[in-house]
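Let me begin by presenting the structure, written as structure tokens, before commenting on it.
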Amino acid sequence: VIPLFLYWGLKLLSPSMFLVSTVLICAVFSLMTGTSFGTIGTAGLALLGVGEALGFPTGLTAGAIVSGAYFGDKMSPVSDTTNLASGITGTNIFSHIGSMLYTTVPATLVALGLYWYLGLNYSGGAMPDLTPITDALSANFNRSFLLALPPIVLVALAIRGIPPLPTLVIAILVGVVCAFVIQDGMTVKGMFKAATDGYVSQTGHPLVDKILSRGGLTSMSFVVFLLLIAMTLGGILEGTGALGVVVDRMTRSVTSPGGLILATLVSCYLMTIGTGNGMLSIIVPARAFEKKFRDMGIQSRVLSRTLEDAVTLGIALVPYSMAAFFIVGVLKIDAMQYIPYAFVNWIVPIFSLTYGFTGFAIWKINKDAGNSPAESEA
């Protein structure tokens, strides 16, 4: 599936729409894979080279890459942060994603407008020759449009409200069937090896092999380990009463949804700046503010959305965070080169805060229903 989207993404690139195309290509990649790191290290790396050949400033291109990669990381049902934010707040994952559409989509449209405008100043260059990359993809992978079925099935089942676990399992099975039916040389052993240790590309083209070689359950081990540590620390802070003191001080004068969302955003940013750890910055504020949202009659999907609006996007803007270190290491640039141009990451929290004070997309708990808040939202 990924070679198909990469092939057509590179084919459709044009100098005048390069930055807009970069955001959209990276967004599609991260939506399918659920990882901003994987997207930046694969499609992002290829697009950075294209941007340099076209004469675009490196920081501007990198900012577009980061914007697209974190859009998908935030919105994908297979993203670790998406599952973490929905799980820690007891929110149905698709209800959580639906809630995030309200802040992320309009912010992304604004960002695309900015990238289009800035790109007009650098649209005079000639497109570099991408034929070696597309030829390597064509020679090693069938490009049937039937390969679009797995992501289409995933989205369709999500829209119909099918629970997350069966939705993901069905989408995976569709992907397995597509691999055996459409791609040549696929074996059961190779399928299981890719699922556990990741896929290893052997096209002979160094950049293509670097882009496509990744994935597998073992690649998630570090994230799982970090999550366990973060949850342990959050439990300690909660058990000792430290969280209660902090939240009480921050929300003592809060009387409106806007004030509560502002306090949550500030808390998330303080955790992000103080620790540089995205997982911890989601878990601790979630545990801290969950009761306050419930007491004010606000559904948990508003809390889960606010957590991701601040942390998932904000972590890349902290120069000493693990996310920034990764971006700098892969793209070989200084953090302050891309941070000002990561427009999606900056704009989404503005919409989140605006909704809080206007009351738009701030859903109330149905107290008359016999269900729990989480069940009512689902």
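Residue names in the structure tokens use chain letters A, B, ... in the order shown, residue numbers from 1 in each chain, and ligand numbers from 1 in the order shown.
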
Requested in this report: Pull the alpha helix (DSSP H) assignments for range 59-135 of chain A out of DSSP run on the backbone, and list those residues as an MDAnalysis selection string.
Outcome: chainID A and resid 59:75 80:88 93:119 131:135

Query - Contacts of Val1 in chain A within 10 Å, only C-alpha atoms, excl. fewer than 6 positions in-chain, as number ranges by chain - result: A: 29, 32, 141-151, 175, 178-179

Residues from the last selection, N, CA, C and O atoms, saved as a PDB file, in the first residue's frame:
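Result saved to selection-v2.pdb:
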ATOM      1  N   PHE A  29       0.781   9.368   4.515  1.00  0.00           N
ATOM      2  CA  PHE A  29       1.703   8.359   5.031  1.00  0.00           C
ATOM      3  C   PHE A  29       1.491   8.109   6.519  1.00  0.00           C
ATOM      4  O   PHE A  29       1.419   6.969   6.979  1.00  0.00           O
ATOM      5  N   MET A  32      -1.743   6.306   7.438  1.00  0.00           N
ATOM      6  CA  MET A  32      -1.719   4.873   7.177  1.00  0.00           C
ATOM      7  C   MET A  32      -0.842   4.119   8.167  1.00  0.00           C
ATOM      8  O   MET A  32      -1.166   3.005   8.575  1.00  0.00           O
ATOM      9  N   PHE A 141       7.111  -3.667  -7.059  1.00  0.00           N
ATOM     10  CA  PHE A 141       5.778  -3.738  -6.457  1.00  0.00           C
ATOM     11  C   PHE A 141       4.710  -3.544  -7.527  1.00  0.00           C
ATOM     12  O   PHE A 141       4.838  -2.668  -8.388  1.00  0.00           O
ATOM     13  N   ASN A 142       3.675  -4.370  -7.473  1.00  0.00           N
ATOM     14  CA  ASN A 142       2.509  -4.139  -8.317  1.00  0.00           C
ATOM     15  C   ASN A 142       1.763  -2.921  -7.774  1.00  0.00           C
ATOM     16  O   ASN A 142       1.647  -2.753  -6.561  1.00  0.00           O
ATOM     17  N   ARG A 143       1.230  -2.088  -8.676  1.00  0.00           N
ATOM     18  CA  ARG A 143       0.602  -0.836  -8.261  1.00  0.00           C
ATOM     19  C   ARG A 143      -0.896  -0.833  -8.538  1.00  0.00           C
ATOM     20  O   ARG A 143      -1.471   0.179  -8.921  1.00  0.00           O
ATOM     21  N   SER A 144      -1.530  -1.962  -8.300  1.00  0.00           N
ATOM     22  CA  SER A 144      -2.981  -2.056  -8.488  1.00  0.00           C
ATOM     23  C   SER A 144      -3.696  -1.131  -7.505  1.00  0.00           C
ATOM     24  O   SER A 144      -3.324  -1.035  -6.332  1.00  0.00           O
ATOM     25  N   PHE A 145      -4.740  -0.451  -8.000  1.00  0.00           N
ATOM     26  CA  PHE A 145      -5.484   0.446  -7.122  1.00  0.00           C
ATOM     27  C   PHE A 145      -6.305  -0.331  -6.088  1.00  0.00           C
ATOM     28  O   PHE A 145      -6.866   0.260  -5.169  1.00  0.00           O
ATOM     29  N   LEU A 146      -6.358  -1.662  -6.236  1.00  0.00           N
ATOM     30  CA  LEU A 146      -6.998  -2.485  -5.204  1.00  0.00           C
ATOM     31  C   LEU A 146      -6.238  -2.393  -3.886  1.00  0.00           C
ATOM     32  O   LEU A 146      -6.780  -2.690  -2.820  1.00  0.00           O
ATOM     33  N   LEU A 147      -4.969  -1.975  -3.966  1.00  0.00           N
ATOM     34  CA  LEU A 147      -4.172  -1.827  -2.748  1.00  0.00           C
ATOM     35  C   LEU A 147      -4.649  -0.669  -1.879  1.00  0.00           C
ATOM     36  O   LEU A 147      -4.216  -0.530  -0.734  1.00  0.00           O
ATOM     37  N   ALA A 148      -5.530   0.155  -2.412  1.00  0.00           N
ATOM     38  CA  ALA A 148      -6.117   1.228  -1.602  1.00  0.00           C
ATOM     39  C   ALA A 148      -7.225   0.693  -0.690  1.00  0.00           C
ATOM     40  O   ALA A 148      -7.744   1.442   0.151  1.00  0.00           O
ATOM     41  N   LEU A 149      -7.581  -0.587  -0.856  1.00  0.00           N
ATOM     42  CA  LEU A 149      -8.677  -1.162  -0.055  1.00  0.00           C
ATOM     43  C   LEU A 149      -8.427  -1.125   1.456  1.00  0.00           C
ATOM     44  O   LEU A 149      -9.345  -0.776   2.207  1.00  0.00           O
ATOM     45  N   PRO A 150      -7.238  -1.496   1.968  1.00  0.00           N
ATOM     46  CA  PRO A 150      -7.048  -1.492   3.430  1.00  0.00           C
ATOM     47  C   PRO A 150      -7.363  -0.151   4.094  1.00  0.00           C
ATOM     48  O   PRO A 150      -8.153  -0.109   5.048  1.00  0.00           O
ATOM     49  N   PRO A 151      -6.784   0.977   3.620  1.00  0.00           N
ATOM     50  CA  PRO A 151      -7.151   2.251   4.262  1.00  0.00           C
ATOM     51  C   PRO A 151      -8.605   2.641   4.035  1.00  0.00           C
ATOM     52  O   PRO A 151      -9.225   3.254   4.911  1.00  0.00           O
ATOM     53  N   GLY A 175      -5.451  -6.145   4.307  1.00  0.00           N
ATOM     54  CA  GLY A 175      -4.086  -5.900   3.854  1.00  0.00           C
ATOM     55  C   GLY A 175      -3.332  -7.190   3.573  1.00  0.00           C
ATOM     56  O   GLY A 175      -2.586  -7.298   2.591  1.00  0.00           O
ATOM     57  N   CYS A 178      -4.624  -8.622   0.314  1.00  0.00           N
ATOM     58  CA  CYS A 178      -4.083  -7.842  -0.805  1.00  0.00           C
ATOM     59  C   CYS A 178      -2.630  -8.208  -1.078  1.00  0.00           C
ATOM     60  O   CYS A 178      -2.200  -8.303  -2.237  1.00  0.00           O
ATOM     61  N   ALA A 179      -1.854  -8.410  -0.010  1.00  0.00           N
ATOM     62  CA  ALA A 179      -0.444  -8.756  -0.179  1.00  0.00           C
ATOM     63  C   ALA A 179      -0.294 -10.086  -0.919  1.00  0.00           C
ATOM     64  O   ALA A 179       0.526 -10.215  -1.837  1.00  0.00           O
TER      65      ALA A 179
END

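Using only C-alpha atoms, the shortest contact distance between Gly259 in chain A and any of A:Pro206, A:Pro285, A:Gly314, A:Gly359 is found at A:Gly359.
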
Report task. Excluding range 187-190 of chain A and any residue of its chain fewer than 6 positions from it, enumerate the residues within 12 Å of it, using only C-alpha atoms, and give them as a VMD selection string. Result -> chain A and resid 176 to 177 179 to 181 196 to 201 216

Give me a file of those residues, with N, CA, C and O atoms, as an mmCIF file, in the first residue's frame.
data_model
loop_
_atom_site.group_PDB
_atom_site.id
_atom_site.type_symbol
_atom_site.label_atom_id
_atom_site.label_comp_id
_atom_site.auth_asym_id
_atom_site.auth_seq_id
_atom_site.Cartn_x
_atom_site.Cartn_y
_atom_site.Cartn_z
ATOM 1 N N VAL A 176 -3.528 -8.192 4.427
ATOM 2 C CA VAL A 176 -2.884 -9.494 4.237
ATOM 3 C C VAL A 176 -3.354 -10.132 2.931
ATOM 4 O O VAL A 176 -2.553 -10.643 2.137
ATOM 5 N N VAL A 177 -4.673 -10.110 2.706
ATOM 6 C CA VAL A 177 -5.230 -10.683 1.480
ATOM 7 C C VAL A 177 -4.675 -9.955 0.249
ATOM 8 O O VAL A 177 -4.276 -10.584 -0.745
ATOM 9 N N ALA A 179 -1.854 -8.410 -0.010
ATOM 10 C CA ALA A 179 -0.444 -8.756 -0.179
ATOM 11 C C ALA A 179 -0.294 -10.086 -0.919
ATOM 12 O O ALA A 179 0.526 -10.215 -1.837
ATOM 13 N N PHE A 180 -1.077 -11.092 -0.533
ATOM 14 C CA PHE A 180 -0.970 -12.409 -1.156
ATOM 15 C C PHE A 180 -1.517 -12.419 -2.585
ATOM 16 O O PHE A 180 -0.975 -13.082 -3.463
ATOM 17 N N VAL A 181 -2.599 -11.684 -2.820
ATOM 18 C CA VAL A 181 -3.246 -11.723 -4.128
ATOM 19 C C VAL A 181 -2.532 -10.837 -5.150
ATOM 20 O O VAL A 181 -2.379 -11.213 -6.318
ATOM 21 N N THR A 196 6.245 -9.096 12.709
ATOM 22 C CA THR A 196 6.966 -9.097 13.989
ATOM 23 C C THR A 196 8.209 -8.204 13.959
ATOM 24 O O THR A 196 8.401 -7.358 14.830
ATOM 25 N N ASP A 197 9.061 -8.397 12.942
ATOM 26 C CA ASP A 197 10.342 -7.684 12.899
ATOM 27 C C ASP A 197 10.355 -6.517 11.917
ATOM 28 O O ASP A 197 11.338 -5.785 11.844
ATOM 29 N N GLY A 198 9.282 -6.366 11.134
ATOM 30 C CA GLY A 198 9.232 -5.288 10.152
ATOM 31 C C GLY A 198 9.605 -5.768 8.761
ATOM 32 O O GLY A 198 10.256 -6.801 8.588
ATOM 33 N N TYR A 199 9.177 -5.001 7.756
ATOM 34 C CA TYR A 199 9.464 -5.351 6.366
ATOM 35 C C TYR A 199 10.845 -4.840 5.980
ATOM 36 O O TYR A 199 11.234 -3.726 6.340
ATOM 37 N N VAL A 200 11.609 -5.659 5.255
ATOM 38 C CA VAL A 200 12.939 -5.269 4.771
ATOM 39 C C VAL A 200 12.883 -5.176 3.252
ATOM 40 O O VAL A 200 12.698 -6.189 2.568
ATOM 41 N N SER A 201 13.019 -3.969 2.740
ATOM 42 C CA SER A 201 12.968 -3.746 1.297
ATOM 43 C C SER A 201 14.306 -4.086 0.653
ATOM 44 O O SER A 201 15.370 -3.758 1.189
ATOM 45 N N GLY A 216 6.634 -3.535 12.189
ATOM 46 C CA GLY A 216 6.736 -4.719 13.038
ATOM 47 C C GLY A 216 6.457 -4.431 14.499
ATOM 48 O O GLY A 216 6.603 -3.302 14.978
#

Requested in this report: Write out as a ChimeraX atom specification the residues lying within 12 Å of range 316-329 of chain A, counting only C-alpha atoms and excluding same-chain residues fewer than 2 positions away.
Outcome: /A:35-42,44-45,48,58-59,62-63,65-67,69-71,73,223,226,269-279,281,310-314,331-346

Please identify every residue of range 150-264 of chain A that has at least one atom no farther than 10 Å from an atom of range 291-299 of chain A, counting only C-alpha atoms, and for each give the shortest atom pair and the distance in Å to one decimal, arranged by chain then increasing number, as CSV.
residue,atom,partner,partner_atom,distance
A:Val247,CA,A:Lys292,CA,8.7
A:Asp248,CA,A:Lys292,CA,9.5
A:Thr251,CA,A:Lys292,CA,8.4
A:Val254,CA,A:Lys292,CA,9.9
A:Thr255,CA,A:Met296,CA,8.6
A:Ser256,CA,A:Met296,CA,8.2
A:Pro257,CA,A:Met296,CA,7.7
A:Leu260,CA,A:Phe293,CA,7.7
A:Ile261,CA,A:Phe293,CA,9.1
A:Thr264,CA,A:Phe293,CA,10.0

File of the preceding selection, N, CA, C and O atoms, as a CSV table (one decimal), in the first residue's frame:
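And here is the file that came out, out05.csv:
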chain,number,residue,atom,x,y,z
A,247,VAL,N,-3.6,20.6,40.3
A,247,VAL,CA,-4.9,20.9,39.6
A,247,VAL,C,-5.7,21.9,40.4
A,247,VAL,O,-6.4,22.8,39.8
A,248,ASP,N,-5.8,21.8,41.7
A,248,ASP,CA,-6.6,22.7,42.5
A,248,ASP,C,-6.0,24.1,42.4
A,248,ASP,O,-6.8,25.1,42.3
A,251,THR,N,-7.0,25.3,38.7
A,251,THR,CA,-8.4,25.5,38.4
A,251,THR,C,-9.2,26.1,39.4
A,251,THR,O,-10.5,26.2,39.3
A,254,VAL,N,-11.3,28.7,37.8
A,254,VAL,CA,-11.9,28.3,36.6
A,254,VAL,C,-13.4,28.1,36.7
A,254,VAL,O,-13.8,27.3,37.6
A,255,THR,N,-14.2,28.8,36.0
A,255,THR,CA,-15.6,28.7,36.1
A,255,THR,C,-16.3,28.4,34.7
A,255,THR,O,-17.5,28.3,34.6
A,256,SER,N,-15.5,28.3,33.6
A,256,SER,CA,-16.0,28.2,32.3
A,256,SER,C,-15.3,27.1,31.6
A,256,SER,O,-14.1,26.8,31.9
A,257,PRO,N,-15.9,26.5,30.5
A,257,PRO,CA,-15.1,25.6,29.7
A,257,PRO,C,-13.9,26.1,29.1
A,257,PRO,O,-12.8,25.5,29.0
A,260,LEU,N,-11.2,26.1,31.6
A,260,LEU,CA,-10.7,24.8,31.9
A,260,LEU,C,-9.8,24.3,30.7
A,260,LEU,O,-8.8,23.7,31.0
A,261,ILE,N,-10.2,24.6,29.5
A,261,ILE,CA,-9.3,24.1,28.4
A,261,ILE,C,-8.0,24.9,28.4
A,261,ILE,O,-7.0,24.3,28.1
A,264,THR,N,-5.9,23.3,30.9
A,264,THR,CA,-5.4,22.0,30.4
A,264,THR,C,-4.2,22.2,29.4
A,264,THR,O,-3.2,21.5,29.5

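The residue that comes closest to Ile133 in chain A, out of A:Gly204, A:Gly51, A:Gly356, A:Gly215 and on the basis of only C-alpha atoms, is A:Gly204.
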
Query - Ala46 in chain A environment, 9 Å, only C-alpha atoms, sequence neighbours closer than 6 positions dropped, as a ChimeraX atom specification - result: /A:207-208,211

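CA of Pro77 in chain A is found 7.1 Å from CA of Gly34 in chain A.
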
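Counting from CA of Gly258 in chain A, the distance to CA of Ser300 in chain A is 15.0 Å.
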
Report summary line: Using only C-alpha atoms, the best pick from A:Leu353, A:Tyr115, A:Gly185, A:Leu154 as closest to Ile170 in chain A would be A:Leu154

Query raised in the report: Which residues, written as a list of chain:residue names, have at least one atom at most 7 Å from Met75 in chain A, with only C-alpha atoms counted and residues fewer than 4 positions away on the same chain left out?
Result: A:Leu31, A:Phe71, A:Thr82, A:Ile97

Dump all heavy atoms for the selected residues as a short mmCIF file (atom, residue, chain, number, x, y, z; two decimals), in the first residue's frame?
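Generated file (selection05.cif):
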data_model
loop_
_atom_site.label_atom_id
_atom_site.label_comp_id
_atom_site.auth_asym_id
_atom_site.auth_seq_id
_atom_site.Cartn_x
_atom_site.Cartn_y
_atom_site.Cartn_z
N LEU A 31 -1.11 8.87 8.36
CA LEU A 31 -2.44 8.33 8.62
C LEU A 31 -2.45 6.81 8.46
O LEU A 31 -3.08 6.09 9.23
CB LEU A 31 -3.46 8.95 7.67
CG LEU A 31 -4.09 10.28 8.08
CD1 LEU A 31 -4.89 10.86 6.93
CD2 LEU A 31 -4.99 10.09 9.30
N PHE A 71 0.04 15.71 11.52
CA PHE A 71 -1.39 15.64 11.25
C PHE A 71 -1.85 14.19 11.28
O PHE A 71 -2.82 13.82 11.95
CB PHE A 71 -1.70 16.25 9.88
CG PHE A 71 -3.13 16.02 9.43
CD1 PHE A 71 -4.11 16.95 9.72
CD2 PHE A 71 -3.49 14.87 8.73
CE1 PHE A 71 -5.43 16.74 9.32
CE2 PHE A 71 -4.80 14.65 8.32
CZ PHE A 71 -5.77 15.59 8.63
N THR A 82 -2.76 8.63 19.66
CA THR A 82 -4.21 8.62 19.51
C THR A 82 -4.84 7.58 20.43
O THR A 82 -5.84 7.84 21.11
CB THR A 82 -4.60 8.32 18.04
OG1 THR A 82 -3.94 9.26 17.19
CG2 THR A 82 -6.10 8.44 17.84
N ILE A 97 -11.25 10.67 17.61
CA ILE A 97 -10.79 11.16 16.31
C ILE A 97 -11.81 12.13 15.71
O ILE A 97 -11.44 13.17 15.15
CB ILE A 97 -10.53 9.98 15.36
CG1 ILE A 97 -9.34 9.16 15.85
CG2 ILE A 97 -10.29 10.46 13.93
CD1 ILE A 97 -9.11 7.87 15.09
#

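When only C-alpha atoms are used to compute distances to Gln202 in chain A, the closest of the residues A:Gln183, A:Ser253, A:Asn140, A:Ser14 turns out to be A:Asn140.
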